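Next comes protein.csv, with CSV, C-alpha atoms.
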```csv
chain,number,residue,atom,x,y,z
A,775,MET,CA,-9.7,0.1,-4.8
A,776,VAL,CA,-11.6,-2.6,-3.0
A,777,GLN,CA,-12.1,-5.4,-5.5
A,778,TRP,CA,-12.0,-8.6,-3.5
A,779,GLY,CA,-13.9,-8.7,-0.2
A,780,ASN,CA,-11.8,-7.1,2.6
A,781,SER,CA,-8.8,-6.5,0.3
A,782,ASP,CA,-7.4,-3.3,-1.1
A,783,VAL,CA,-6.2,-3.9,-4.7
A,784,TYR,CA,-3.4,-1.8,-6.1
A,785,LYS,CA,-2.9,-1.4,-9.9
A,786,VAL,CA,-1.0,0.8,-12.3
A,787,GLY,CA,-2.4,1.0,-15.8
A,788,GLY,CA,-4.8,-1.8,-15.1
A,789,LYS,CA,-1.9,-4.1,-14.0
A,790,LEU,CA,-2.1,-5.6,-10.5
A,791,PHE,CA,1.0,-5.1,-8.3
A,792,ALA,CA,-0.2,-5.5,-4.7
A,793,VAL,CA,-3.1,-6.7,-2.6
A,794,VAL,CA,-3.6,-5.7,1.1
A,795,GLY,CA,-6.0,-8.0,2.9
A,796,MET,CA,-7.6,-7.1,6.2
A,797,GLY,CA,-9.7,-9.8,7.8
A,798,ASP,CA,-10.4,-11.9,10.8
A,799,GLY,CA,-7.4,-14.1,10.0
A,800,GLY,CA,-5.0,-11.2,10.2
A,801,ASN,CA,-3.6,-8.7,7.8
A,802,THR,CA,-1.7,-9.7,4.7
A,803,VAL,CA,0.2,-8.0,1.9
A,804,THR,CA,0.6,-9.8,-1.4
A,805,PHE,CA,3.0,-8.8,-4.1
A,806,LYS,CA,4.6,-10.0,-7.3
A,807,ALA,CA,8.2,-11.2,-7.0
A,808,THR,CA,11.0,-12.0,-9.4
A,809,GLU,CA,11.8,-15.7,-10.0
A,810,MET,CA,14.7,-15.5,-7.6
A,811,GLY,CA,12.8,-13.5,-5.1
A,812,PHE,CA,10.0,-16.0,-5.1
A,813,GLU,CA,12.4,-18.9,-4.5
A,814,ILE,CA,14.1,-17.1,-1.6
A,815,LEU,CA,11.0,-15.6,0.1
A,816,SER,CA,8.8,-18.7,-0.3
A,817,ASP,CA,10.4,-20.4,2.6
A,818,SER,CA,10.9,-17.4,4.9
A,819,PRO,CA,9.0,-17.3,8.2
A,820,GLY,CA,5.9,-15.1,7.9
A,821,LEU,CA,5.9,-15.4,4.1
A,822,ARG,CA,4.4,-17.9,1.7
A,823,PRO,CA,3.5,-18.3,-1.9
A,824,ALA,CA,0.3,-16.3,-2.3
A,825,PRO,CA,-2.4,-19.0,-2.0
A,826,TYR,CA,-4.6,-18.1,-5.1
A,827,MET,CA,-1.9,-16.7,-7.4
A,828,ALA,CA,1.0,-19.1,-6.8
A,829,SER,CA,-1.3,-22.1,-7.2
A,830,ARG,CA,-1.7,-20.9,-10.8
A,831,GLY,CA,2.0,-20.7,-11.4
A,832,LEU,CA,2.3,-17.0,-10.8
A,833,LYS,CA,5.3,-15.7,-8.7
A,834,TRP,CA,3.4,-13.9,-5.9
A,835,ILE,CA,4.4,-13.8,-2.3
A,836,GLN,CA,2.1,-13.2,0.7
A,837,HIS,CA,3.4,-11.5,3.9
A,838,TYR,CA,1.0,-13.0,6.5
A,839,GLY,CA,2.8,-13.0,9.8
A,840,GLU,CA,5.8,-12.5,12.0
A,841,PRO,CA,8.6,-12.2,11.6
A,842,GLY,CA,8.0,-11.6,7.9
A,843,LEU,CA,9.8,-8.6,6.3
A,844,SER,CA,10.8,-5.4,7.9
A,845,ASP,CA,8.7,-2.4,6.8
A,846,ASP,CA,11.6,-1.1,4.6
A,847,SER,CA,12.1,-4.5,2.9
A,848,LEU,CA,8.3,-4.9,2.4
A,849,ARG,CA,8.2,-1.4,0.9
A,850,ALA,CA,11.1,-2.3,-1.4
A,851,HIS,CA,9.3,-5.5,-2.6
A,852,ILE,CA,6.1,-3.7,-3.3
A,853,PHE,CA,8.0,-1.0,-5.2
A,854,ALA,CA,9.7,-3.8,-7.2
A,855,SER,CA,6.3,-5.3,-7.9
A,856,TYR,CA,5.1,-1.9,-9.1
A,857,GLU,CA,8.1,-1.6,-11.4
A,858,MET,CA,7.3,-5.0,-12.9
A,859,ALA,CA,3.7,-4.0,-13.5
A,860,ILE,CA,4.9,-0.8,-15.3
A,861,GLY,CA,7.3,-2.9,-17.3
A,862,ALA,CA,4.4,-5.1,-18.5
A,863,LEU,CA,2.5,-2.0,-19.9
A,864,THR,CA,2.8,-1.0,-23.5
A,865,LYS,CA,5.0,2.0,-24.3
A,866,LYS,CA,1.9,3.9,-25.3
A,867,LYS,CA,0.2,3.2,-22.0
A,868,ARG,CA,3.3,4.2,-20.0
A,869,ALA,CA,3.4,7.4,-22.0
A,870,GLU,CA,-0.3,8.1,-21.4
A,871,LEU,CA,0.3,7.7,-17.6
A,872,GLY,CA,3.5,9.8,-17.7
A,873,LEU,CA,5.6,6.9,-16.5
A,874,ASP,CA,8.4,7.2,-19.0
A,875,ALA,CA,9.1,10.9,-18.2
A,876,ALA,CA,11.0,10.7,-15.0
A,877,PRO,CA,12.9,8.0,-13.1
A,878,ARG,CA,11.1,6.6,-10.1
A,879,GLN,CA,12.7,6.1,-6.7
A,880,ASN,CA,11.9,3.6,-4.1
A,881,PRO,CA,9.9,5.5,-1.4
```
Starting from the file, lay out its structure as structure tokens.
Amino acid sequence: MVQWGNSDVYKVGGKLFAVVGMGDGGNTVTFKATEMGFEILSDSPGLRPAPYMASRGLKWIQHYGEPGLSDDSLRAHIFASYEMAIGALTKKKRAELGLDAAPRQNP
């Protein structure tokens, strides 16, 4: 879903878990991180606290440049963000979406 300008917004059950931005300044991928993940990734080359979200105290990381994360690592972080979003849903909402039925695996 395009919600913010040139960005694709990814949600599950109405909960945001990733934003992929495509613009003149380059492509970015933004995802929610755990407290520890945020602390570790914040200072890594090619990664930074997500400008809008982190400034509001939220633990979101933006992958904006090289070297950044490998494709596999980025995929794992997006999957973890997806799992955190699912965890924030009510049991009723998870059941409506069929998310309690089967275990999910990192793609």
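Within 10 Å of stretch 779-787 of chain A, once only C-alpha atoms are used and residues closer than 3 positions along the same chain are dropped, the contacting residues are Met775, Val776, Leu790, Phe791, Ala792, Val793, Val794, Gly795, Met796, Gly797, Asp798, Asn801, Thr802, Val803, Thr804, Phe805, Tyr856, Glu857, Ala859, Ile860, Ala862, Leu863, Thr864, Lys867, Arg868, Glu870, Leu871 and Leu873 of chain A.
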Mind dumping the selected residues with C-alpha atoms as a PDB file, in the frame of the given file?
```
ATOM      1  CA  MET A 775      -9.700   0.100  -4.800  1.00  0.00           C
ATOM      2  CA  VAL A 776     -11.600  -2.600  -3.000  1.00  0.00           C
ATOM      3  CA  LEU A 790      -2.100  -5.600 -10.500  1.00  0.00           C
ATOM      4  CA  PHE A 791       1.000  -5.100  -8.300  1.00  0.00           C
ATOM      5  CA  ALA A 792      -0.200  -5.500  -4.700  1.00  0.00           C
ATOM      6  CA  VAL A 793      -3.100  -6.700  -2.600  1.00  0.00           C
ATOM      7  CA  VAL A 794      -3.600  -5.700   1.100  1.00  0.00           C
ATOM      8  CA  GLY A 795      -6.000  -8.000   2.900  1.00  0.00           C
ATOM      9  CA  MET A 796      -7.600  -7.100   6.200  1.00  0.00           C
ATOM     10  CA  GLY A 797      -9.700  -9.800   7.800  1.00  0.00           C
ATOM     11  CA  ASP A 798     -10.400 -11.900  10.800  1.00  0.00           C
ATOM     12  CA  ASN A 801      -3.600  -8.700   7.800  1.00  0.00           C
ATOM     13  CA  THR A 802      -1.700  -9.700   4.700  1.00  0.00           C
ATOM     14  CA  VAL A 803       0.200  -8.000   1.900  1.00  0.00           C
ATOM     15  CA  THR A 804       0.600  -9.800  -1.400  1.00  0.00           C
ATOM     16  CA  PHE A 805       3.000  -8.800  -4.100  1.00  0.00           C
ATOM     17  CA  TYR A 856       5.100  -1.900  -9.100  1.00  0.00           C
ATOM     18  CA  GLU A 857       8.100  -1.600 -11.400  1.00  0.00           C
ATOM     19  CA  ALA A 859       3.700  -4.000 -13.500  1.00  0.00           C
ATOM     20  CA  ILE A 860       4.900  -0.800 -15.300  1.00  0.00           C
ATOM     21  CA  ALA A 862       4.400  -5.100 -18.500  1.00  0.00           C
ATOM     22  CA  LEU A 863       2.500  -2.000 -19.900  1.00  0.00           C
ATOM     23  CA  THR A 864       2.800  -1.000 -23.500  1.00  0.00           C
ATOM     24  CA  LYS A 867       0.200   3.200 -22.000  1.00  0.00           C
ATOM     25  CA  ARG A 868       3.300   4.200 -20.000  1.00  0.00           C
ATOM     26  CA  GLU A 870      -0.300   8.100 -21.400  1.00  0.00           C
ATOM     27  CA  LEU A 871       0.300   7.700 -17.600  1.00  0.00           C
ATOM     28  CA  LEU A 873       5.600   6.900 -16.500  1.00  0.00           C
TER      29      LEU A 873
END
```
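Atom pair atom CA of A:Asp845 / atom CA of A:Asp874 has a distance of 27.5 Å (rounded to one decimal).
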**OP:** Give me, please, the distance in Å between atom CA of A:Gly861 and atom CA of A:Ala824, quoted to one decimal.
**Re:** 21.3 Å
Original post:
Could you work out how far atom CA of A:Trp834 lies from atom CA of A:Arg822, giving the answer in Å with one decimal?
Top reply: 8.6 Å
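Here the question is which of A:Ala828, A:Ala869, A:Met858, A:Met810 gets nearest to A:Lys789 using only C-alpha atoms, and that residue is A:Met858.
Taking only C-alpha atoms into account, A:Gly842 lies nearest to A:Leu821 out of the set A:Ile814, A:Leu821, A:Met827, A:Ala854.
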Original post:
Near A:Gly811, counting only C-alpha atoms, which residues have an atom at most 10 Å away, once you skip same-chain residues fewer than 4 positions from it, shown as a ChimeraX atom specification?
Top reply: /A:806-807,815-816,833-835,851
Subject >> Minimum-distance residue to A:His837, chosen among A:Gly788, A:Gly820, A:Pro825, A:Gly872 (using all atoms listed in the file) >> reply: A:Gly820
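The closest residue to A:Ser855, picked from A:Leu832, A:Thr808, A:Gly839, A:Gly800 and counting all atoms listed in the file, is A:Thr808.
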Please extract stretch 825-847 of chain A and write it out with N, CA and C atoms, as a PDB file, in the first residue's frame.
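Produced file result-v2.pdb, reproduced below:
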```pdb
ATOM      1  N   PRO A 825      14.355   8.337  10.934  1.00  0.00           N
ATOM      2  CA  PRO A 825      14.228   9.757  11.261  1.00  0.00           C
ATOM      3  C   PRO A 825      12.902  10.163  11.914  1.00  0.00           C
ATOM      4  N   TYR A 826      11.784   9.782  11.373  1.00  0.00           N
ATOM      5  CA  TYR A 826      10.509  10.230  11.931  1.00  0.00           C
ATOM      6  C   TYR A 826      10.134   9.430  13.172  1.00  0.00           C
ATOM      7  N   MET A 827      10.248   8.132  13.102  1.00  0.00           N
ATOM      8  CA  MET A 827       9.764   7.273  14.181  1.00  0.00           C
ATOM      9  C   MET A 827      10.673   7.300  15.398  1.00  0.00           C
ATOM     10  N   ALA A 828      11.963   7.206  15.193  1.00  0.00           N
ATOM     11  CA  ALA A 828      12.891   7.185  16.319  1.00  0.00           C
ATOM     12  C   ALA A 828      12.875   8.511  17.073  1.00  0.00           C
ATOM     13  N   SER A 829      12.594   9.600  16.382  1.00  0.00           N
ATOM     14  CA  SER A 829      12.552  10.901  17.051  1.00  0.00           C
ATOM     15  C   SER A 829      11.370  10.990  18.018  1.00  0.00           C
ATOM     16  N   ARG A 830      10.441  10.067  17.911  1.00  0.00           N
ATOM     17  CA  ARG A 830       9.291  10.008  18.808  1.00  0.00           C
ATOM     18  C   ARG A 830       9.435   8.891  19.839  1.00  0.00           C
ATOM     19  N   GLY A 831      10.664   8.377  19.973  1.00  0.00           N
ATOM     20  CA  GLY A 831      10.950   7.366  20.974  1.00  0.00           C
ATOM     21  C   GLY A 831      10.647   5.942  20.541  1.00  0.00           C
ATOM     22  N   LEU A 832      10.268   5.748  19.273  1.00  0.00           N
ATOM     23  CA  LEU A 832       9.970   4.413  18.786  1.00  0.00           C
ATOM     24  C   LEU A 832      11.262   3.743  18.309  1.00  0.00           C
ATOM     25  N   LYS A 833      11.356   2.453  18.468  1.00  0.00           N
ATOM     26  CA  LYS A 833      12.568   1.705  18.121  1.00  0.00           C
ATOM     27  C   LYS A 833      12.468   1.181  16.691  1.00  0.00           C
ATOM     28  N   TRP A 834      12.705   2.066  15.736  1.00  0.00           N
ATOM     29  CA  TRP A 834      12.666   1.736  14.315  1.00  0.00           C
ATOM     30  C   TRP A 834      14.008   2.068  13.694  1.00  0.00           C
ATOM     31  N   ILE A 835      14.468   1.190  12.818  1.00  0.00           N
ATOM     32  CA  ILE A 835      15.760   1.352  12.131  1.00  0.00           C
ATOM     33  C   ILE A 835      15.507   1.579  10.650  1.00  0.00           C
ATOM     34  N   GLN A 836      16.332   2.430  10.056  1.00  0.00           N
ATOM     35  CA  GLN A 836      16.250   2.656   8.617  1.00  0.00           C
ATOM     36  C   GLN A 836      17.544   2.183   7.956  1.00  0.00           C
ATOM     37  N   HIS A 837      17.399   1.295   7.001  1.00  0.00           N
ATOM     38  CA  HIS A 837      18.503   0.814   6.164  1.00  0.00           C
ATOM     39  C   HIS A 837      18.546   1.770   4.975  1.00  0.00           C
ATOM     40  N   TYR A 838      19.592   2.594   4.888  1.00  0.00           N
ATOM     41  CA  TYR A 838      19.598   3.640   3.859  1.00  0.00           C
ATOM     42  C   TYR A 838      20.776   3.575   2.904  1.00  0.00           C
ATOM     43  N   GLY A 839      21.795   2.793   3.226  1.00  0.00           N
ATOM     44  CA  GLY A 839      22.962   2.804   2.354  1.00  0.00           C
ATOM     45  C   GLY A 839      23.881   1.628   2.605  1.00  0.00           C
ATOM     46  N   GLU A 840      25.013   1.683   1.941  1.00  0.00           N
ATOM     47  CA  GLU A 840      26.013   0.617   2.042  1.00  0.00           C
ATOM     48  C   GLU A 840      26.894   0.863   3.257  1.00  0.00           C
ATOM     49  N   PRO A 841      27.422  -0.164   3.912  1.00  0.00           N
ATOM     50  CA  PRO A 841      27.178  -1.549   3.582  1.00  0.00           C
ATOM     51  C   PRO A 841      25.828  -2.056   4.092  1.00  0.00           C
ATOM     52  N   GLY A 842      25.298  -1.457   5.129  1.00  0.00           N
ATOM     53  CA  GLY A 842      23.979  -1.866   5.619  1.00  0.00           C
ATOM     54  C   GLY A 842      23.946  -3.334   5.976  1.00  0.00           C
ATOM     55  N   LEU A 843      22.803  -3.940   5.788  1.00  0.00           N
ATOM     56  CA  LEU A 843      22.598  -5.349   6.100  1.00  0.00           C
ATOM     57  C   LEU A 843      22.635  -6.182   4.824  1.00  0.00           C
ATOM     58  N   SER A 844      23.023  -7.426   4.958  1.00  0.00           N
ATOM     59  CA  SER A 844      22.924  -8.343   3.828  1.00  0.00           C
ATOM     60  C   SER A 844      21.441  -8.559   3.537  1.00  0.00           C
ATOM     61  N   ASP A 845      21.133  -9.057   2.366  1.00  0.00           N
ATOM     62  CA  ASP A 845      19.730  -9.329   2.028  1.00  0.00           C
ATOM     63  C   ASP A 845      19.098 -10.289   3.030  1.00  0.00           C
ATOM     64  N   ASP A 846      19.834 -11.346   3.414  1.00  0.00           N
ATOM     65  CA  ASP A 846      19.292 -12.323   4.364  1.00  0.00           C
ATOM     66  C   ASP A 846      19.041 -11.700   5.728  1.00  0.00           C
ATOM     67  N   SER A 847      19.962 -10.875   6.181  1.00  0.00           N
ATOM     68  CA  SER A 847      19.808 -10.226   7.483  1.00  0.00           C
ATOM     69  C   SER A 847      18.657  -9.218   7.453  1.00  0.00           C
TER      70      SER A 847
END
```
